[in-house]
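Data from coords.csv: CSV, C-alpha atoms and all ligand atoms
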```
chain,number,residue,atom,x,y,z
A,21,MET,CA,16.8,-48.8,34.5
A,22,ASP,CA,19.5,-51.3,34.2
A,23,HIS,CA,22.4,-49.9,32.2
A,24,LEU,CA,23.3,-51.0,28.7
A,25,ILE,CA,26.7,-52.1,27.3
A,26,ALA,CA,27.5,-51.3,23.7
A,27,PRO,CA,30.9,-52.8,22.6
A,28,SER,CA,32.5,-50.6,19.9
A,29,VAL,CA,33.1,-52.6,16.7
A,30,LEU,CA,35.9,-50.2,15.9
A,31,SER,CA,38.2,-52.2,18.1
A,32,ALA,CA,37.2,-55.6,16.7
A,33,ASP,CA,39.6,-57.6,14.5
A,34,PHE,CA,38.3,-56.7,11.0
A,35,ALA,CA,39.9,-59.8,9.6
A,36,ASN,CA,37.8,-61.9,12.0
A,37,LEU,CA,34.7,-59.6,12.0
A,38,GLN,CA,32.2,-62.4,12.0
A,39,ARG,CA,33.9,-64.1,14.9
A,40,ASP,CA,33.8,-60.8,16.9
A,41,VAL,CA,30.1,-60.2,15.9
A,42,GLU,CA,29.2,-63.7,17.2
A,43,MET,CA,31.2,-63.0,20.4
A,44,ILE,CA,29.0,-59.9,21.0
A,45,ASN,CA,25.8,-61.9,20.1
A,46,ASN,CA,26.7,-64.5,22.7
A,47,SER,CA,27.8,-62.1,25.3
A,48,GLU,CA,25.8,-60.0,27.8
A,49,ALA,CA,26.2,-56.9,25.6
A,50,ASP,CA,23.0,-55.1,24.7
A,51,TRP,CA,23.9,-53.3,21.5
A,52,PHE,CA,26.6,-53.1,18.8
A,53,HIS,CA,28.2,-49.6,18.7
A,54,VAL,CA,29.3,-48.9,15.1
A,55,ASP,CA,31.6,-45.9,14.5
A,56,ILE,CA,31.5,-44.2,11.0
A,57,MET,CA,34.3,-41.8,10.4
A,58,ASP,CA,34.7,-39.7,7.3
A,59,GLY,CA,38.3,-38.3,7.5
A,60,MET,CA,36.7,-34.8,7.6
A,61,PHE,CA,34.8,-34.4,10.8
A,62,VAL,CA,37.4,-36.6,12.5
A,63,PRO,CA,41.0,-37.2,11.4
A,64,ASN,CA,40.4,-40.9,10.7
A,65,ILE,CA,38.4,-43.1,8.3
A,66,SER,CA,36.8,-46.2,9.6
A,67,PHE,CA,34.4,-48.0,7.3
A,68,GLY,CA,31.1,-47.5,5.4
A,69,PHE,CA,28.0,-49.2,4.2
A,70,PRO,CA,29.4,-52.6,3.0
A,71,VAL,CA,30.9,-53.3,6.4
A,72,LEU,CA,27.8,-52.0,8.2
A,73,LYS,CA,25.6,-54.3,6.1
A,74,ALA,CA,27.9,-57.3,6.8
A,75,ILE,CA,27.6,-56.6,10.5
A,76,LYS,CA,23.8,-56.3,10.3
A,77,LYS,CA,23.6,-59.7,8.5
A,78,HIS,CA,25.0,-61.5,11.5
A,79,ALA,CA,24.1,-59.2,14.5
A,80,LYS,CA,21.3,-60.4,16.8
A,81,LYS,CA,21.3,-57.1,18.7
A,82,PRO,CA,20.5,-53.5,17.8
A,83,LEU,CA,23.1,-51.5,15.8
A,84,ASP,CA,23.9,-48.1,17.5
A,85,VAL,CA,25.4,-46.2,14.7
A,86,HIS,CA,27.6,-43.2,15.6
A,87,LEU,CA,28.1,-40.9,12.7
A,88,MET,CA,31.4,-38.9,12.9
A,89,ILE,CA,30.7,-37.3,9.5
A,90,VAL,CA,30.1,-33.8,8.3
A,91,ASP,CA,26.5,-33.0,7.1
A,92,PRO,CA,25.1,-36.4,8.0
A,93,ASP,CA,21.7,-35.5,6.5
A,94,ARG,CA,23.1,-36.7,3.1
A,95,TYR,CA,23.3,-40.3,4.3
A,96,LEU,CA,20.5,-40.9,6.9
A,97,ASN,CA,18.4,-43.0,4.5
A,98,ASP,CA,21.4,-45.1,3.5
A,99,PHE,CA,22.3,-45.8,7.1
A,100,LYS,CA,18.8,-46.9,7.9
A,101,ASP,CA,18.9,-49.2,4.8
A,102,ALA,CA,22.2,-50.6,5.9
A,103,GLY,CA,20.8,-51.6,9.3
A,104,ALA,CA,21.0,-48.8,11.8
A,105,ASP,CA,18.5,-49.1,14.7
A,106,SER,CA,19.7,-45.8,16.3
A,107,ILE,CA,21.5,-43.0,14.6
A,108,THR,CA,23.7,-40.5,16.5
A,109,VAL,CA,24.8,-37.3,14.8
A,110,HIS,CA,27.2,-34.8,16.2
A,111,PHE,CA,26.0,-31.4,17.4
A,112,GLU,CA,29.1,-29.9,15.8
A,113,ALA,CA,28.5,-31.5,12.4
A,114,CYS,CA,24.9,-30.4,11.8
A,115,THR,CA,23.7,-27.0,10.5
A,116,HIS,CA,20.0,-27.6,11.2
A,117,LEU,CA,20.1,-30.0,14.1
A,118,HIS,CA,16.3,-30.0,14.8
A,119,ARG,CA,15.6,-30.9,11.2
A,120,THR,CA,18.2,-33.7,11.2
A,121,VAL,CA,16.7,-35.2,14.4
A,122,GLN,CA,13.2,-35.2,12.9
A,123,ALA,CA,14.6,-36.9,9.8
A,124,ILE,CA,16.1,-39.7,11.9
A,125,LYS,CA,12.8,-40.1,13.8
A,126,GLN,CA,10.9,-40.3,10.5
A,127,LEU,CA,13.1,-43.3,9.6
A,128,ASN,CA,11.9,-45.0,12.8
A,129,CYS,CA,15.4,-45.0,14.2
A,130,LYS,CA,16.3,-43.9,17.8
A,131,ALA,CA,17.6,-40.3,17.4
A,132,ALA,CA,20.7,-39.3,19.4
A,133,VAL,CA,23.0,-36.3,19.4
A,134,ALA,CA,26.7,-36.5,20.5
A,135,ILE,CA,28.8,-33.6,21.9
A,136,ASN,CA,32.5,-33.4,21.8
A,137,PRO,CA,34.5,-32.8,25.0
A,138,ALA,CA,34.8,-29.1,24.4
A,139,THR,CA,31.0,-28.6,23.6
A,140,PRO,CA,29.0,-27.4,26.6
A,141,VAL,CA,26.0,-29.6,27.7
A,142,SER,CA,23.9,-26.4,27.8
A,143,PHE,CA,23.9,-26.3,24.0
A,144,LEU,CA,21.5,-29.3,24.1
A,145,LYS,CA,18.9,-27.5,26.1
A,146,ASP,CA,16.6,-26.7,23.2
A,147,ILE,CA,16.8,-30.2,21.6
A,148,ILE,CA,16.9,-32.5,24.5
A,149,ALA,CA,13.1,-33.1,24.6
A,150,GLU,CA,13.2,-34.4,21.1
A,151,LEU,CA,15.9,-37.0,21.7
A,152,ASP,CA,16.0,-40.7,22.6
A,153,MET,CA,19.6,-40.4,23.6
A,154,VAL,CA,22.5,-38.0,24.2
A,155,LEU,CA,26.1,-39.2,23.7
A,156,ILE,CA,28.7,-37.5,25.8
A,157,MET,CA,32.1,-38.0,24.3
A,158,SER,CA,34.7,-38.7,26.9
A,159,VAL,CA,37.6,-38.6,24.4
A,160,ASN,CA,38.0,-36.5,21.2
A,161,PRO,CA,36.3,-38.5,18.6
A,162,GLY,CA,38.3,-40.3,15.9
A,163,PHE,CA,40.3,-43.1,17.5
A,164,GLY,CA,39.8,-46.0,19.9
A,165,GLY,CA,42.1,-46.5,22.9
A,166,GLN,CA,42.4,-42.9,24.1
A,167,LYS,CA,42.7,-41.6,27.6
A,168,PHE,CA,39.4,-40.9,29.4
A,169,ILE,CA,38.8,-37.1,30.0
A,170,GLU,CA,37.9,-36.6,33.7
A,171,HIS,CA,35.6,-33.5,33.1
A,172,THR,CA,33.1,-36.0,31.6
A,173,TYR,CA,31.7,-36.7,35.1
A,174,THR,CA,30.6,-33.0,35.4
A,175,LYS,CA,29.0,-33.1,32.0
A,176,LEU,CA,27.1,-36.3,32.8
A,177,ALA,CA,25.8,-34.7,36.0
A,178,GLU,CA,24.7,-31.7,34.0
A,179,ILE,CA,22.9,-33.6,31.3
A,180,LYS,CA,21.2,-35.8,33.9
A,181,GLN,CA,20.0,-32.6,35.6
A,182,LEU,CA,18.6,-31.2,32.3
A,183,ALA,CA,16.9,-34.5,31.5
A,184,ILE,CA,15.1,-34.7,34.9
A,185,ASN,CA,12.6,-32.1,33.8
A,186,ALA,CA,12.9,-32.0,30.0
A,187,ASN,CA,13.1,-35.7,29.1
A,188,PRO,CA,13.1,-38.2,32.1
A,189,ASN,CA,13.4,-41.3,29.8
A,190,LEU,CA,16.5,-39.9,28.0
A,191,LEU,CA,19.3,-42.4,27.5
A,192,ILE,CA,22.6,-41.0,28.4
A,193,GLU,CA,25.5,-42.7,26.6
A,194,VAL,CA,29.2,-42.2,27.3
A,195,ASP,CA,31.9,-43.1,24.8
A,196,GLY,CA,35.7,-43.2,25.1
A,197,GLY,CA,38.1,-44.7,27.6
A,198,VAL,CA,35.3,-46.6,29.5
A,199,ASP,CA,36.5,-49.6,31.4
A,200,THR,CA,35.9,-51.6,34.6
A,201,SER,CA,37.7,-49.0,36.7
A,202,ASN,CA,35.5,-46.0,35.9
A,203,ILE,CA,32.1,-47.5,34.9
A,204,SER,CA,30.6,-47.3,38.4
A,205,LYS,CA,31.5,-43.7,38.8
A,206,LEU,CA,30.1,-42.9,35.3
A,207,LYS,CA,26.9,-44.6,36.2
A,208,GLU,CA,26.6,-42.6,39.5
A,209,ALA,CA,27.2,-39.4,37.5
A,210,GLY,CA,24.2,-40.2,35.3
A,211,ALA,CA,25.2,-42.4,32.3
A,212,ASN,CA,23.1,-45.5,31.5
A,213,VAL,CA,24.6,-46.6,28.2
A,214,PHE,CA,28.3,-47.5,28.0
A,215,VAL,CA,30.4,-47.8,24.9
A,216,ALA,CA,33.7,-49.6,25.3
A,217,GLY,CA,36.1,-50.7,22.6
A,218,ASN,CA,39.7,-51.1,23.6
A,219,SER,CA,38.9,-52.2,27.2
A,220,ILE,CA,36.9,-55.1,25.8
A,221,PHE,CA,38.7,-56.2,22.7
A,222,SER,CA,42.2,-55.9,24.1
A,223,LYS,CA,41.4,-58.6,26.7
A,224,ASP,CA,42.0,-62.4,26.3
A,225,SER,CA,38.3,-62.9,27.1
A,226,PRO,CA,36.3,-60.0,25.7
A,227,SER,CA,33.0,-61.6,26.7
A,228,ASP,CA,34.1,-61.8,30.4
A,229,THR,CA,35.0,-58.1,30.3
A,230,ILE,CA,31.5,-57.4,28.9
A,231,SER,CA,30.0,-59.3,31.8
A,232,SER,CA,32.2,-57.4,34.3
A,233,LEU,CA,31.0,-54.1,32.8
A,234,LYS,CA,27.4,-55.3,32.9
A,235,HIS,CA,27.5,-56.5,36.5
A,236,ILE,CA,28.9,-53.4,38.3
B,301,LIG,O1,33.7,-43.1,19.1
B,301,LIG,C1,34.8,-43.7,19.3
B,301,LIG,C2,36.0,-43.0,18.8
B,301,LIG,O2,35.7,-41.8,18.3
B,301,LIG,C3,34.9,-45.0,19.9
B,301,LIG,O3,33.6,-45.6,20.0
B,301,LIG,C4,35.5,-44.9,21.3
B,301,LIG,O4,36.7,-44.3,21.2
B,301,LIG,C5,35.5,-46.3,22.0
B,301,LIG,O5,36.8,-46.7,22.0
B,301,LIG,P1,37.6,-46.9,23.4
B,301,LIG,O6,36.6,-47.6,24.3
B,301,LIG,O7,38.7,-47.7,22.9
B,301,LIG,O8,38.0,-45.5,23.9
```

Could the structure of this file be written out as structure tokens, please?
Amino acid sequence: MDHLIAPSVLSADFANLQRDVEMINNSEADWFHVDIMDGMFVPNISFGFPVLKAIKKHAKKPLDVHLMIVDPDRYLNDFKDAGADSITVHFEACTHLHRTVQAIKQLNCKAAVAINPATPVSFLKDIIAELDMVLIMSVNPGFGGQKFIEHTYTKLAEIKQLAINANPNLLIEVDGGVDTSNISKLKEAGANVFVAGNSIFSKDSPSDTISSLKHI
């Protein structure tokens, strides 16, 4: 499978959000990655439903919604209604993960589970067959522009190995510190969906950077 690029809207210019959404529409990006932070699960607050709906109104590509919130079950319906095409919940934020994953699937959204850098891949063993995607965090969640954690390569190889038998079509997404210098090695390790924020939006030509990430 060709890999997918999901620019992280967290690094967009919120005062020019429509411009940045159109940039992604007209680029070689595949998805919009939308980070929801609650100031509880992570030490930062990003944005909520009104902004998500505003993005959806203009977006011509799927919205990959990453929930960095405690007890996400409370809001799954609302995120679907606001435009989510896939919903990622954190392993660390769910009490009954299997139930949460089933609830996401019942909404006809792609279901994904994210793990923090300190959470072992082996904790996903009993849920992997149920998932459309796993998100391996390569920074501690909460902020864009952080330094990539090198141990991520090992974790990607581990999840790829688990997926070979349990779920060969599993999408393996990596998020945090992804740029043109590490994307090839991340792909070799097993990732096939790449989230990138700072490395795209800090450039003079974000759409050229998206192309570079797409054509590795
Ligand atoms: O989930 C996130 C932060 O928790 C962001 O999506 C991620 O950090 C992407 O930003 P960058 O590419 O700038 O590291």

Per residue of chain A within 7 Å of ligand LIG 301 (chain B), which atom pair is closest and at what distance in Å (one decimal), using only C-alpha atoms and all ligand atoms, listed by chain and increasing number, as CSV?
```
residue,atom,partner,partner_atom,distance
A:Ser28,CA,B:LIG301,O3,5.1
A:Leu30,CA,B:LIG301,O3,6.6
A:Ser31,CA,B:LIG301,O7,6.6
A:His53,CA,B:LIG301,O3,6.8
A:Asp55,CA,B:LIG301,O1,5.8
A:Val159,CA,B:LIG301,O4,6.6
A:Asn160,CA,B:LIG301,O2,6.5
A:Pro161,CA,B:LIG301,O2,3.4
A:Gly162,CA,B:LIG301,O2,3.8
A:Phe163,CA,B:LIG301,C2,4.5
A:Gly164,CA,B:LIG301,O7,3.6
A:Gly165,CA,B:LIG301,O7,3.6
A:Gln166,CA,B:LIG301,O8,5.1
A:Asp195,CA,B:LIG301,C4,5.3
A:Gly196,CA,B:LIG301,O8,3.5
A:Gly197,CA,B:LIG301,O8,3.8
A:Val198,CA,B:LIG301,O6,5.5
A:Val215,CA,B:LIG301,C5,6.1
A:Ala216,CA,B:LIG301,O6,3.7
A:Gly217,CA,B:LIG301,O6,3.6
A:Asn218,CA,B:LIG301,O7,3.6
A:Ser219,CA,B:LIG301,O6,5.9
```

Please identify every residue of segment 66-174 of chain A that has at least one atom no farther than 9 Å from an atom of segment 41-46 of chain A, counting only C-alpha atoms, and for each give the shortest atom pair and the distance in Å to one decimal, arranged by chain then increasing number, as a tab-separated table.
```
residue	atom	partner	partner_atom	distance
A:Ile75	CA	A:Val41	CA	7.0
A:His78	CA	A:Val41	CA	6.9
A:Ala79	CA	A:Val41	CA	6.2
A:Lys80	CA	A:Asn45	CA	5.8
A:Lys81	CA	A:Asn45	CA	6.7
```

Next on the checklist: I'd like the neighbourhood of Ala49 of chain A as number ranges by chain, where a residue qualifies if any of its atoms comes within 8 Å (using only C-alpha atoms), though same-chain residues fewer than 5 positions away should be ignored.
Outcome noted: A: 24-27, 44, 230-231, 234

Checklist entry - In Å to one decimal, how far is atom CA of Asn212 of chain A from atom CA of Leu96 of chain A? => result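 Going from atom CA of Leu96 of chain A over to atom CA of Asn212 of chain A covers 25.2 Å.
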
Next on the checklist: So that I can see what lies close to Ile156 of chain A, please list as number ranges by chain the residues with an atom at most 7 Å from it, counting only C-alpha atoms and leaving out residues fewer than 3 positions away in the same chain.
Outcome noted: A: 134-136, 193-195
